[in-house]
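Okay, final32.cif is below, mmCIF, N, CA and C atoms:
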```
data_protein
#
loop_
_atom_site.group_PDB
_atom_site.id
_atom_site.type_symbol
_atom_site.label_atom_id
_atom_site.label_comp_id
_atom_site.auth_asym_id
_atom_site.auth_seq_id
_atom_site.Cartn_x
_atom_site.Cartn_y
_atom_site.Cartn_z
ATOM 1 N N MET A 1 56.941 125.101 83.320
ATOM 2 C CA MET A 1 56.228 124.976 82.069
ATOM 3 C C MET A 1 56.665 126.100 81.141
ATOM 4 N N ASN A 2 56.998 125.771 79.926
ATOM 5 C CA ASN A 2 57.487 126.739 78.958
ATOM 6 C C ASN A 2 56.396 127.053 77.959
ATOM 7 N N HIS A 3 56.041 128.346 77.826
ATOM 8 C CA HIS A 3 54.974 128.747 76.925
ATOM 9 C C HIS A 3 55.491 129.265 75.595
ATOM 10 N N HIS A 4 56.770 129.182 75.363
ATOM 11 C CA HIS A 4 57.337 129.719 74.126
ATOM 12 C C HIS A 4 56.881 128.859 72.963
ATOM 13 N N HIS A 5 56.431 129.506 71.903
ATOM 14 C CA HIS A 5 55.901 128.788 70.752
ATOM 15 C C HIS A 5 56.647 129.129 69.485
ATOM 16 N N GLY A 6 57.945 129.327 69.569
ATOM 17 C CA GLY A 6 58.747 129.593 68.383
ATOM 18 C C GLY A 6 58.774 131.061 68.036
ATOM 19 N N THR A 7 59.594 131.374 67.053
ATOM 20 C CA THR A 7 59.682 132.744 66.597
ATOM 21 C C THR A 7 59.494 132.774 65.100
ATOM 22 N N GLY A 8 59.157 133.916 64.595
ATOM 23 C CA GLY A 8 58.949 134.098 63.175
ATOM 24 C C GLY A 8 58.475 135.511 62.951
ATOM 25 N N PRO A 9 58.080 135.833 61.751
ATOM 26 C CA PRO A 9 57.666 137.195 61.454
ATOM 27 C C PRO A 9 56.242 137.470 61.913
ATOM 28 N N THR A 10 55.950 137.169 63.165
ATOM 29 C CA THR A 10 54.627 137.363 63.749
ATOM 30 C C THR A 10 54.813 138.106 65.060
ATOM 31 N N ASP A 11 53.783 138.076 65.912
ATOM 32 C CA ASP A 11 53.908 138.693 67.235
ATOM 33 C C ASP A 11 55.000 138.028 68.057
ATOM 34 N N ASP A 12 55.417 136.806 67.674
ATOM 35 C CA ASP A 12 56.486 136.114 68.392
ATOM 36 C C ASP A 12 57.847 136.717 68.080
ATOM 37 N N ASP A 13 57.958 137.467 66.983
ATOM 38 C CA ASP A 13 59.241 137.988 66.531
ATOM 39 C C ASP A 13 59.558 139.287 67.256
ATOM 40 N N PRO A 14 60.480 139.263 68.222
ATOM 41 C CA PRO A 14 60.770 140.458 68.991
ATOM 42 C C PRO A 14 61.708 141.432 68.290
ATOM 43 N N GLY A 15 62.159 141.121 67.080
ATOM 44 C CA GLY A 15 63.146 141.959 66.422
ATOM 45 C C GLY A 15 62.593 143.217 65.788
ATOM 46 N N GLY A 16 61.326 143.283 65.553
ATOM 47 C CA GLY A 16 60.746 144.455 64.900
ATOM 48 C C GLY A 16 60.504 145.590 65.865
ATOM 49 N N ARG A 17 60.088 146.728 65.317
ATOM 50 C CA ARG A 17 59.801 147.891 66.157
ATOM 51 C C ARG A 17 58.683 147.541 67.133
ATOM 52 N N GLY A 18 58.937 147.710 68.410
ATOM 53 C CA GLY A 18 57.953 147.351 69.429
ATOM 54 C C GLY A 18 57.850 145.857 69.661
ATOM 55 N N GLY A 19 58.771 145.114 69.080
ATOM 56 C CA GLY A 19 58.705 143.655 69.152
ATOM 57 C C GLY A 19 58.839 143.091 70.549
ATOM 58 N N PHE A 20 59.695 143.682 71.371
ATOM 59 C CA PHE A 20 59.867 143.160 72.722
ATOM 60 C C PHE A 20 58.595 143.355 73.533
ATOM 61 N N ALA A 21 57.950 144.503 73.382
ATOM 62 C CA ALA A 21 56.685 144.747 74.088
ATOM 63 C C ALA A 21 55.616 143.760 73.617
ATOM 64 N N ARG A 22 55.527 143.538 72.302
ATOM 65 C CA ARG A 22 54.551 142.568 71.774
ATOM 66 C C ARG A 22 54.845 141.167 72.303
ATOM 67 N N TRP A 23 56.133 140.811 72.336
ATOM 68 C CA TRP A 23 56.515 139.500 72.839
ATOM 69 C C TRP A 23 56.126 139.360 74.311
ATOM 70 N N LEU A 24 56.439 140.394 75.107
ATOM 71 C CA LEU A 24 56.070 140.354 76.528
ATOM 72 C C LEU A 24 54.567 140.239 76.709
ATOM 73 N N LEU A 25 53.804 141.035 75.959
ATOM 74 C CA LEU A 25 52.345 140.977 76.067
ATOM 75 C C LEU A 25 51.841 139.569 75.765
ATOM 76 N N ARG A 26 52.382 138.981 74.718
ATOM 77 C CA ARG A 26 51.953 137.625 74.351
ATOM 78 C C ARG A 26 52.312 136.626 75.460
ATOM 79 N N GLN A 27 53.518 136.739 76.008
ATOM 80 C CA GLN A 27 53.932 135.814 77.062
ATOM 81 C C GLN A 27 53.102 136.004 78.329
ATOM 82 N N TYR A 28 52.797 137.252 78.676
ATOM 83 C CA TYR A 28 51.923 137.495 79.831
ATOM 84 C C TYR A 28 50.549 136.875 79.590
ATOM 85 N N ARG A 29 50.017 137.037 78.378
ATOM 86 C CA ARG A 29 48.712 136.468 78.044
ATOM 87 C C ARG A 29 48.762 134.938 78.160
ATOM 88 N N LEU A 30 49.825 134.320 77.609
ATOM 89 C CA LEU A 30 49.967 132.869 77.690
ATOM 90 C C LEU A 30 50.113 132.390 79.136
ATOM 91 N N ALA A 31 50.665 133.247 79.986
ATOM 92 C CA ALA A 31 50.840 132.895 81.406
ATOM 93 C C ALA A 31 49.557 133.129 82.212
ATOM 94 N N GLY A 32 48.497 133.587 81.522
ATOM 95 C CA GLY A 32 47.207 133.722 82.199
ATOM 96 C C GLY A 32 46.847 135.116 82.654
ATOM 97 N N TYR A 33 47.648 136.097 82.320
ATOM 98 C CA TYR A 33 47.358 137.477 82.718
ATOM 99 C C TYR A 33 46.379 138.105 81.727
ATOM 100 N N ASP A 34 45.553 139.023 82.231
ATOM 101 C CA ASP A 34 44.584 139.731 81.390
ATOM 102 C C ASP A 34 45.268 140.939 80.766
ATOM 103 N N THR A 35 45.816 140.746 79.579
ATOM 104 C CA THR A 35 46.538 141.838 78.911
ATOM 105 C C THR A 35 45.591 142.813 78.225
ATOM 106 N N ASP A 36 44.292 142.519 78.236
ATOM 107 C CA ASP A 36 43.311 143.468 77.703
ATOM 108 C C ASP A 36 42.957 144.537 78.733
ATOM 109 N N ASP A 37 43.265 144.258 79.997
ATOM 110 C CA ASP A 37 43.073 145.257 81.049
ATOM 111 C C ASP A 37 44.063 146.387 80.809
ATOM 112 N N ILE A 38 43.569 147.614 80.706
ATOM 113 C CA ILE A 38 44.423 148.751 80.329
ATOM 114 C C ILE A 38 45.564 148.952 81.314
ATOM 115 N N ASP A 39 45.325 148.789 82.603
ATOM 116 C CA ASP A 39 46.397 148.968 83.584
ATOM 117 C C ASP A 39 47.490 147.913 83.411
ATOM 118 N N ALA A 40 47.089 146.668 83.197
ATOM 119 C CA ALA A 40 48.068 145.600 82.987
ATOM 120 C C ALA A 40 48.827 145.836 81.685
ATOM 121 N N HIS A 41 48.109 146.231 80.645
ATOM 122 C CA HIS A 41 48.732 146.490 79.348
ATOM 123 C C HIS A 41 49.792 147.587 79.468
ATOM 124 N N VAL A 42 49.439 148.688 80.111
ATOM 125 C CA VAL A 42 50.377 149.804 80.289
ATOM 126 C C VAL A 42 51.574 149.363 81.126
ATOM 127 N N ARG A 43 51.339 148.586 82.166
ATOM 128 C CA ARG A 43 52.432 148.105 83.024
ATOM 129 C C ARG A 43 53.404 147.237 82.217
ATOM 130 N N ILE A 44 52.892 146.348 81.385
ATOM 131 C CA ILE A 44 53.737 145.455 80.596
ATOM 132 C C ILE A 44 54.528 146.244 79.550
ATOM 133 N N VAL A 45 53.867 147.167 78.866
ATOM 134 C CA VAL A 45 54.564 147.992 77.878
ATOM 135 C C VAL A 45 55.626 148.850 78.570
ATOM 136 N N SER A 46 55.338 149.311 79.773
ATOM 137 C CA SER A 46 56.314 150.089 80.545
ATOM 138 C C SER A 46 57.520 149.244 80.922
ATOM 139 N N ILE A 47 57.283 147.996 81.298
ATOM 140 C CA ILE A 47 58.389 147.075 81.605
ATOM 141 C C ILE A 47 59.286 146.944 80.385
ATOM 142 N N ALA A 48 58.683 146.785 79.216
ATOM 143 C CA ALA A 48 59.460 146.658 77.974
ATOM 144 C C ALA A 48 60.254 147.929 77.705
ATOM 145 N N ALA A 49 59.617 149.081 77.875
ATOM 146 C CA ALA A 49 60.291 150.358 77.593
ATOM 147 C C ALA A 49 61.490 150.561 78.513
ATOM 148 N N VAL A 50 61.327 150.288 79.789
ATOM 149 C CA VAL A 50 62.428 150.438 80.739
ATOM 150 C C VAL A 50 63.549 149.453 80.398
ATOM 151 N N ALA A 51 63.186 148.227 80.070
ATOM 152 C CA ALA A 51 64.195 147.221 79.718
ATOM 153 C C ALA A 51 64.984 147.643 78.489
ATOM 154 N N LEU A 52 64.308 148.237 77.516
ATOM 155 C CA LEU A 52 64.994 148.665 76.296
ATOM 156 C C LEU A 52 65.849 149.902 76.532
ATOM 157 N N ASP A 53 65.414 150.780 77.419
ATOM 158 C CA ASP A 53 66.179 151.999 77.707
ATOM 159 C C ASP A 53 67.341 151.761 78.658
ATOM 160 N N GLU A 54 67.115 150.917 79.667
ATOM 161 C CA GLU A 54 68.105 150.743 80.730
ATOM 162 C C GLU A 54 68.785 149.377 80.727
ATOM 163 N N GLY A 55 68.264 148.454 79.938
ATOM 164 C CA GLY A 55 68.793 147.101 79.925
ATOM 165 C C GLY A 55 68.082 146.220 80.939
ATOM 166 N N LEU A 56 68.393 144.954 80.894
ATOM 167 C CA LEU A 56 67.810 143.981 81.819
ATOM 168 C C LEU A 56 68.894 143.463 82.755
ATOM 169 N N THR A 57 68.678 143.616 84.034
ATOM 170 C CA THR A 57 69.602 143.036 85.008
ATOM 171 C C THR A 57 69.324 141.533 85.095
ATOM 172 N N PRO A 58 70.288 140.769 85.559
ATOM 173 C CA PRO A 58 70.032 139.336 85.755
ATOM 174 C C PRO A 58 68.854 139.093 86.707
ATOM 175 N N GLU A 59 68.716 139.944 87.716
ATOM 176 C CA GLU A 59 67.619 139.794 88.674
ATOM 177 C C GLU A 59 66.274 140.043 88.002
ATOM 178 N N ARG A 60 66.192 141.096 87.206
ATOM 179 C CA ARG A 60 64.941 141.424 86.511
ATOM 180 C C ARG A 60 64.607 140.344 85.489
ATOM 181 N N THR A 61 65.616 139.836 84.804
ATOM 182 C CA THR A 61 65.411 138.757 83.837
ATOM 183 C C THR A 61 64.856 137.520 84.532
ATOM 184 N N ALA A 62 65.444 137.162 85.664
ATOM 185 C CA ALA A 62 64.990 135.986 86.419
ATOM 186 C C ALA A 62 63.561 136.182 86.916
ATOM 187 N N GLU A 63 63.255 137.391 87.386
ATOM 188 C CA GLU A 63 61.901 137.692 87.870
ATOM 189 C C GLU A 63 60.877 137.563 86.737
ATOM 190 N N LEU A 64 61.196 138.129 85.576
ATOM 191 C CA LEU A 64 60.293 138.020 84.430
ATOM 192 C C LEU A 64 60.133 136.558 84.001
ATOM 193 N N ALA A 65 61.220 135.816 83.983
ATOM 194 C CA ALA A 65 61.163 134.410 83.590
ATOM 195 C C ALA A 65 60.246 133.621 84.514
ATOM 196 N N ARG A 66 60.367 133.860 85.829
ATOM 197 C CA ARG A 66 59.484 133.170 86.793
ATOM 198 C C ARG A 66 58.034 133.575 86.565
ATOM 199 N N THR A 67 57.789 134.857 86.390
ATOM 200 C CA THR A 67 56.428 135.366 86.203
ATOM 201 C C THR A 67 55.787 134.800 84.947
ATOM 202 N N LEU A 68 56.572 134.695 83.878
ATOM 203 C CA LEU A 68 56.036 134.287 82.577
ATOM 204 C C LEU A 68 56.179 132.797 82.296
ATOM 205 N N ALA A 69 56.842 132.076 83.182
ATOM 206 C CA ALA A 69 57.075 130.636 82.999
ATOM 207 C C ALA A 69 57.832 130.370 81.699
ATOM 208 N N VAL A 70 58.869 131.179 81.467
ATOM 209 C CA VAL A 70 59.780 130.979 80.344
ATOM 210 C C VAL A 70 61.187 130.950 80.915
ATOM 211 N N THR A 71 62.164 130.677 80.074
ATOM 212 C CA THR A 71 63.540 130.646 80.567
ATOM 213 C C THR A 71 64.148 132.047 80.517
ATOM 214 N N PRO A 72 65.138 132.306 81.354
ATOM 215 C CA PRO A 72 65.848 133.582 81.259
ATOM 216 C C PRO A 72 66.446 133.789 79.860
ATOM 217 N N HIS A 73 66.880 132.696 79.232
ATOM 218 C CA HIS A 73 67.440 132.786 77.881
ATOM 219 C C HIS A 73 66.396 133.324 76.889
ATOM 220 N N GLU A 74 65.154 132.896 77.020
ATOM 221 C CA GLU A 74 64.099 133.398 76.132
ATOM 222 C C GLU A 74 63.877 134.894 76.326
ATOM 223 N N ILE A 75 63.908 135.339 77.567
ATOM 224 C CA ILE A 75 63.759 136.775 77.850
ATOM 225 C C ILE A 75 64.916 137.533 77.200
ATOM 226 N N THR A 76 66.124 137.062 77.439
ATOM 227 C CA THR A 76 67.320 137.716 76.907
ATOM 228 C C THR A 76 67.307 137.734 75.381
ATOM 229 N N THR A 77 66.922 136.638 74.768
ATOM 230 C CA THR A 77 66.883 136.555 73.307
ATOM 231 C C THR A 77 65.870 137.541 72.731
ATOM 232 N N ALA A 78 64.693 137.607 73.323
ATOM 233 C CA ALA A 78 63.662 138.532 72.849
ATOM 234 C C ALA A 78 64.120 139.981 73.025
ATOM 235 N N HIS A 79 64.705 140.279 74.151
ATOM 236 C CA HIS A 79 65.192 141.629 74.442
ATOM 237 C C HIS A 79 66.325 142.006 73.488
ATOM 238 N N ARG A 80 67.268 141.106 73.317
ATOM 239 C CA ARG A 80 68.439 141.367 72.476
ATOM 240 C C ARG A 80 68.039 141.622 71.024
ATOM 241 N N ALA A 81 67.032 140.920 70.533
ATOM 242 C CA ALA A 81 66.612 141.094 69.135
ATOM 243 C C ALA A 81 66.211 142.546 68.861
ATOM 244 N N GLU A 82 65.434 143.134 69.765
ATOM 245 C CA GLU A 82 65.025 144.520 69.529
ATOM 246 C C GLU A 82 66.152 145.502 69.806
ATOM 247 N N THR A 83 66.972 145.245 70.808
ATOM 248 C CA THR A 83 68.068 146.181 71.073
ATOM 249 C C THR A 83 69.054 146.200 69.909
ATOM 250 N N ARG A 84 69.289 145.052 69.302
ATOM 251 C CA ARG A 84 70.170 145.016 68.117
ATOM 252 C C ARG A 84 69.569 145.804 66.969
ATOM 253 N N ARG A 85 68.267 145.632 66.740
ATOM 254 C CA ARG A 85 67.603 146.352 65.666
ATOM 255 C C ARG A 85 67.664 147.858 65.919
ATOM 256 N N ARG A 86 67.437 148.268 67.158
ATOM 257 C CA ARG A 86 67.495 149.699 67.499
ATOM 258 C C ARG A 86 68.903 150.252 67.283
ATOM 259 N N THR A 87 69.910 149.494 67.662
ATOM 260 C CA THR A 87 71.294 149.935 67.468
ATOM 261 C C THR A 87 71.598 150.090 65.982
ATOM 262 N N LEU A 88 71.209 149.112 65.202
ATOM 263 C CA LEU A 88 71.430 149.194 63.755
ATOM 264 C C LEU A 88 70.696 150.392 63.152
ATOM 265 N N ASP A 89 69.469 150.628 63.588
ATOM 266 C CA ASP A 89 68.714 151.794 63.102
ATOM 267 C C ASP A 89 69.449 153.097 63.419
ATOM 268 N N ARG A 90 69.983 153.204 64.641
ATOM 269 C CA ARG A 90 70.711 154.423 65.034
ATOM 270 C C ARG A 90 71.963 154.603 64.176
ATOM 271 N N ILE A 91 72.657 153.506 63.924
ATOM 272 C CA ILE A 91 73.863 153.572 63.098
ATOM 273 C C ILE A 91 73.504 154.008 61.685
ATOM 274 N N LEU A 92 72.473 153.398 61.130
ATOM 275 C CA LEU A 92 72.100 153.701 59.751
ATOM 276 C C LEU A 92 71.446 155.070 59.610
ATOM 277 N N ASP A 93 70.968 155.652 60.714
ATOM 278 C CA ASP A 93 70.408 157.005 60.666
ATOM 279 C C ASP A 93 71.496 158.050 60.487
ATOM 280 N N HIS A 94 72.734 157.701 60.790
ATOM 281 C CA HIS A 94 73.843 158.629 60.602
ATOM 282 C C HIS A 94 74.061 158.780 59.095
ATOM 283 N N PRO A 95 73.996 160.003 58.545
ATOM 284 C CA PRO A 95 74.056 160.194 57.092
ATOM 285 C C PRO A 95 75.281 159.554 56.436
ATOM 286 N N GLY A 96 76.432 159.708 57.032
ATOM 287 C CA GLY A 96 77.643 159.142 56.446
ATOM 288 C C GLY A 96 77.609 157.626 56.424
ATOM 289 N N LEU A 97 77.083 157.035 57.484
ATOM 290 C CA LEU A 97 77.018 155.581 57.550
ATOM 291 C C LEU A 97 75.930 155.036 56.641
ATOM 292 N N ALA A 98 74.845 155.786 56.482
ATOM 293 C CA ALA A 98 73.791 155.356 55.558
ATOM 294 C C ALA A 98 74.339 155.335 54.133
ATOM 295 N N ALA A 99 75.135 156.354 53.780
ATOM 296 C CA ALA A 99 75.744 156.395 52.445
ATOM 297 C C ALA A 99 76.734 155.243 52.278
ATOM 298 N N LEU A 100 77.511 154.966 53.315
ATOM 299 C CA LEU A 100 78.449 153.843 53.275
ATOM 300 C C LEU A 100 77.695 152.529 53.092
ATOM 301 N N ASP A 101 76.605 152.355 53.814
ATOM 302 C CA ASP A 101 75.798 151.147 53.696
ATOM 303 C C ASP A 101 75.276 150.990 52.263
ATOM 304 N N ALA A 102 74.782 152.071 51.683
ATOM 305 C CA ALA A 102 74.289 152.027 50.297
ATOM 306 C C ALA A 102 75.422 151.673 49.341
ATOM 307 N N HIS A 103 76.595 152.265 49.569
ATOM 308 C CA HIS A 103 77.757 151.981 48.719
ATOM 309 C C HIS A 103 78.160 150.509 48.826
ATOM 310 N N LEU A 104 78.184 149.989 50.033
ATOM 311 C CA LEU A 104 78.533 148.579 50.229
ATOM 312 C C LEU A 104 77.500 147.664 49.572
ATOM 313 N N ASP A 105 76.220 148.058 49.639
ATOM 314 C CA ASP A 105 75.191 147.289 48.954
ATOM 315 C C ASP A 105 75.446 147.260 47.448
ATOM 316 N N ASP A 106 75.871 148.402 46.888
ATOM 317 C CA ASP A 106 76.157 148.467 45.452
ATOM 318 C C ASP A 106 77.338 147.571 45.080
ATOM 319 N N ILE A 107 78.328 147.522 45.941
ATOM 320 C CA ILE A 107 79.505 146.682 45.685
ATOM 321 C C ILE A 107 79.133 145.213 45.654
ATOM 322 N N VAL A 108 78.244 144.823 46.568
ATOM 323 C CA VAL A 108 77.853 143.409 46.689
ATOM 324 C C VAL A 108 77.033 142.957 45.480
ATOM 325 N N ARG A 109 76.316 143.876 44.866
ATOM 326 C CA ARG A 109 75.442 143.493 43.732
ATOM 327 C C ARG A 109 76.190 143.077 42.557
#
```

Hey, can you dump this file as structure tokens for me?
Amino acid sequence: MNHHHGTGPTDDDPGGRGGFARWLLRQYRLAGYDTDDIDAHVRIVSIAAVALDEGLTPERTAELARTLAVTPHEITTAHRAETRRRTLDRILDHPGLAALDAHLDDIVR
């Protein structure tokens, strides 16, 4: 059974800051877990933090997919959205690259 209900600029959108954790929390809730329980909440947010810091192995992805009744592709897509955003943020935080980005924006206008 697939509990995925689309993506958009809501809690379903894993691309924003903390988006993967929000997505995981929502999927755990849809799978019947009590995400209001502080221990469960901390555990889920910790899973997201480790996944974002260390990446997701195929085994961990498969385990999460089974637990949440979603596809491994959905896990990977949600994870990738935030990792891409974090990478872009790190690149744009570099002063020289931020100036280049602004310059390129001016050229496009």

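Counting from atom C of Trp23 of chain A, the distance to atom N of Leu88 of chain A is 20.1 Å.
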
Distance criterion (only C-alpha atoms): nearest to Glu54 of chain A out of A:Arg29, A:Arg109, A:His79, A:His73
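Checking each candidate against Glu54 of chain A, we get A:His79 as the closest.
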
Could you please give me, as a ChimeraX atom specification, the residues of protein, DNA or RNA lying at most 10 Å from (63.3, 134.6, 77.1) in the coordinate frame of the file, considering only C-alpha atoms?
/A:2,4,23-24,27,61-62,64-65,68-80

All residues 6.5 Å or closer to segment 46-48 of chain A, all atoms listed in the file, same chain fewer than 4 positions away omitted, as a ChimeraX atom specification:
/A:20-21,41-42,52-53

Per-residue DSSP, chain A, filtered to helix (DSSP H, G or I), as JSON, numbers by chain:
{"A": [19, 20, 21, 22, 23, 24, 25, 26, 27, 28, 29, 30, 38, 39, 40, 41, 42, 43, 44, 45, 46, 47, 48, 49, 50, 51, 52, 53, 54, 58, 59, 60, 61, 62, 63, 64, 65, 66, 67, 68, 72, 73, 74, 75, 76, 77, 78, 79, 80, 81, 82, 83, 84, 85, 86, 87, 88, 89, 90, 91, 92, 93, 95, 96, 97, 98, 99, 100, 101, 102, 103, 104, 105, 106, 107, 108]}

Under the rule that all atoms listed in the file are counted, which of A:Ile44, A:Ile38, A:Glu82, A:Glu59 is the nearest residue to Gly18 of chain A?
A:Glu82

Please return segment 48-57 of chain A, rebuilt to all heavy atoms, as an mmCIF file, in the frame of the given file.
```cif
data_model
loop_
_atom_site.group_PDB
_atom_site.id
_atom_site.type_symbol
_atom_site.label_atom_id
_atom_site.label_comp_id
_atom_site.auth_asym_id
_atom_site.auth_seq_id
_atom_site.Cartn_x
_atom_site.Cartn_y
_atom_site.Cartn_z
ATOM 1 N N ALA A 48 58.683 146.785 79.216
ATOM 2 C CA ALA A 48 59.460 146.658 77.974
ATOM 3 C C ALA A 48 60.254 147.929 77.705
ATOM 4 O O ALA A 48 61.439 147.865 77.356
ATOM 5 C CB ALA A 48 58.536 146.348 76.799
ATOM 6 N N ALA A 49 59.617 149.081 77.875
ATOM 7 C CA ALA A 49 60.291 150.358 77.593
ATOM 8 C C ALA A 49 61.490 150.561 78.513
ATOM 9 O O ALA A 49 62.574 150.957 78.060
ATOM 10 C CB ALA A 49 59.304 151.517 77.733
ATOM 11 N N VAL A 50 61.327 150.288 79.789
ATOM 12 C CA VAL A 50 62.428 150.438 80.739
ATOM 13 C C VAL A 50 63.549 149.453 80.398
ATOM 14 O O VAL A 50 64.727 149.811 80.403
ATOM 15 C CB VAL A 50 61.935 150.245 82.192
ATOM 16 C CG1 VAL A 50 63.100 150.123 83.163
ATOM 17 C CG2 VAL A 50 61.018 151.398 82.589
ATOM 18 N N ALA A 51 63.186 148.227 80.070
ATOM 19 C CA ALA A 51 64.195 147.221 79.718
ATOM 20 C C ALA A 51 64.984 147.643 78.489
ATOM 21 O O ALA A 51 66.199 147.452 78.428
ATOM 22 C CB ALA A 51 63.533 145.867 79.485
ATOM 23 N N LEU A 52 64.308 148.237 77.516
ATOM 24 C CA LEU A 52 64.994 148.665 76.296
ATOM 25 C C LEU A 52 65.849 149.902 76.532
ATOM 26 O O LEU A 52 66.899 150.053 75.925
ATOM 27 C CB LEU A 52 63.985 148.910 75.176
ATOM 28 C CG LEU A 52 63.328 147.627 74.654
ATOM 29 C CD1 LEU A 52 62.132 147.954 73.785
ATOM 30 C CD2 LEU A 52 64.335 146.764 73.909
ATOM 31 N N ASP A 53 65.414 150.780 77.419
ATOM 32 C CA ASP A 53 66.179 151.999 77.707
ATOM 33 C C ASP A 53 67.341 151.761 78.658
ATOM 34 O O ASP A 53 68.419 152.324 78.486
ATOM 35 C CB ASP A 53 65.269 153.086 78.284
ATOM 36 C CG ASP A 53 64.340 153.679 77.247
ATOM 37 O OD1 ASP A 53 64.594 153.515 76.035
ATOM 38 O OD2 ASP A 53 63.342 154.303 77.651
ATOM 39 N N GLU A 54 67.115 150.917 79.667
ATOM 40 C CA GLU A 54 68.105 150.743 80.730
ATOM 41 C C GLU A 54 68.785 149.377 80.727
ATOM 42 O O GLU A 54 69.736 149.165 81.450
ATOM 43 C CB GLU A 54 67.441 150.980 82.086
ATOM 44 C CG GLU A 54 66.878 152.379 82.232
ATOM 45 C CD GLU A 54 66.157 152.582 83.547
ATOM 46 O OE1 GLU A 54 66.189 151.681 84.419
ATOM 47 O OE2 GLU A 54 65.551 153.661 83.704
ATOM 48 N N GLY A 55 68.264 148.454 79.938
ATOM 49 C CA GLY A 55 68.793 147.101 79.925
ATOM 50 C C GLY A 55 68.082 146.220 80.939
ATOM 51 O O GLY A 55 67.265 146.687 81.724
ATOM 52 N N LEU A 56 68.393 144.954 80.894
ATOM 53 C CA LEU A 56 67.810 143.981 81.819
ATOM 54 C C LEU A 56 68.894 143.463 82.755
ATOM 55 O O LEU A 56 69.906 142.941 82.294
ATOM 56 C CB LEU A 56 67.231 142.794 81.046
ATOM 57 C CG LEU A 56 65.853 142.955 80.451
ATOM 58 C CD1 LEU A 56 65.503 141.745 79.584
ATOM 59 C CD2 LEU A 56 64.810 143.138 81.537
ATOM 60 N N THR A 57 68.678 143.616 84.034
ATOM 61 C CA THR A 57 69.602 143.036 85.008
ATOM 62 C C THR A 57 69.324 141.533 85.095
ATOM 63 O O THR A 57 68.227 141.081 84.756
ATOM 64 C CB THR A 57 69.394 143.649 86.405
ATOM 65 O OG1 THR A 57 68.074 143.306 86.856
ATOM 66 C CG2 THR A 57 69.586 145.159 86.399
#
```
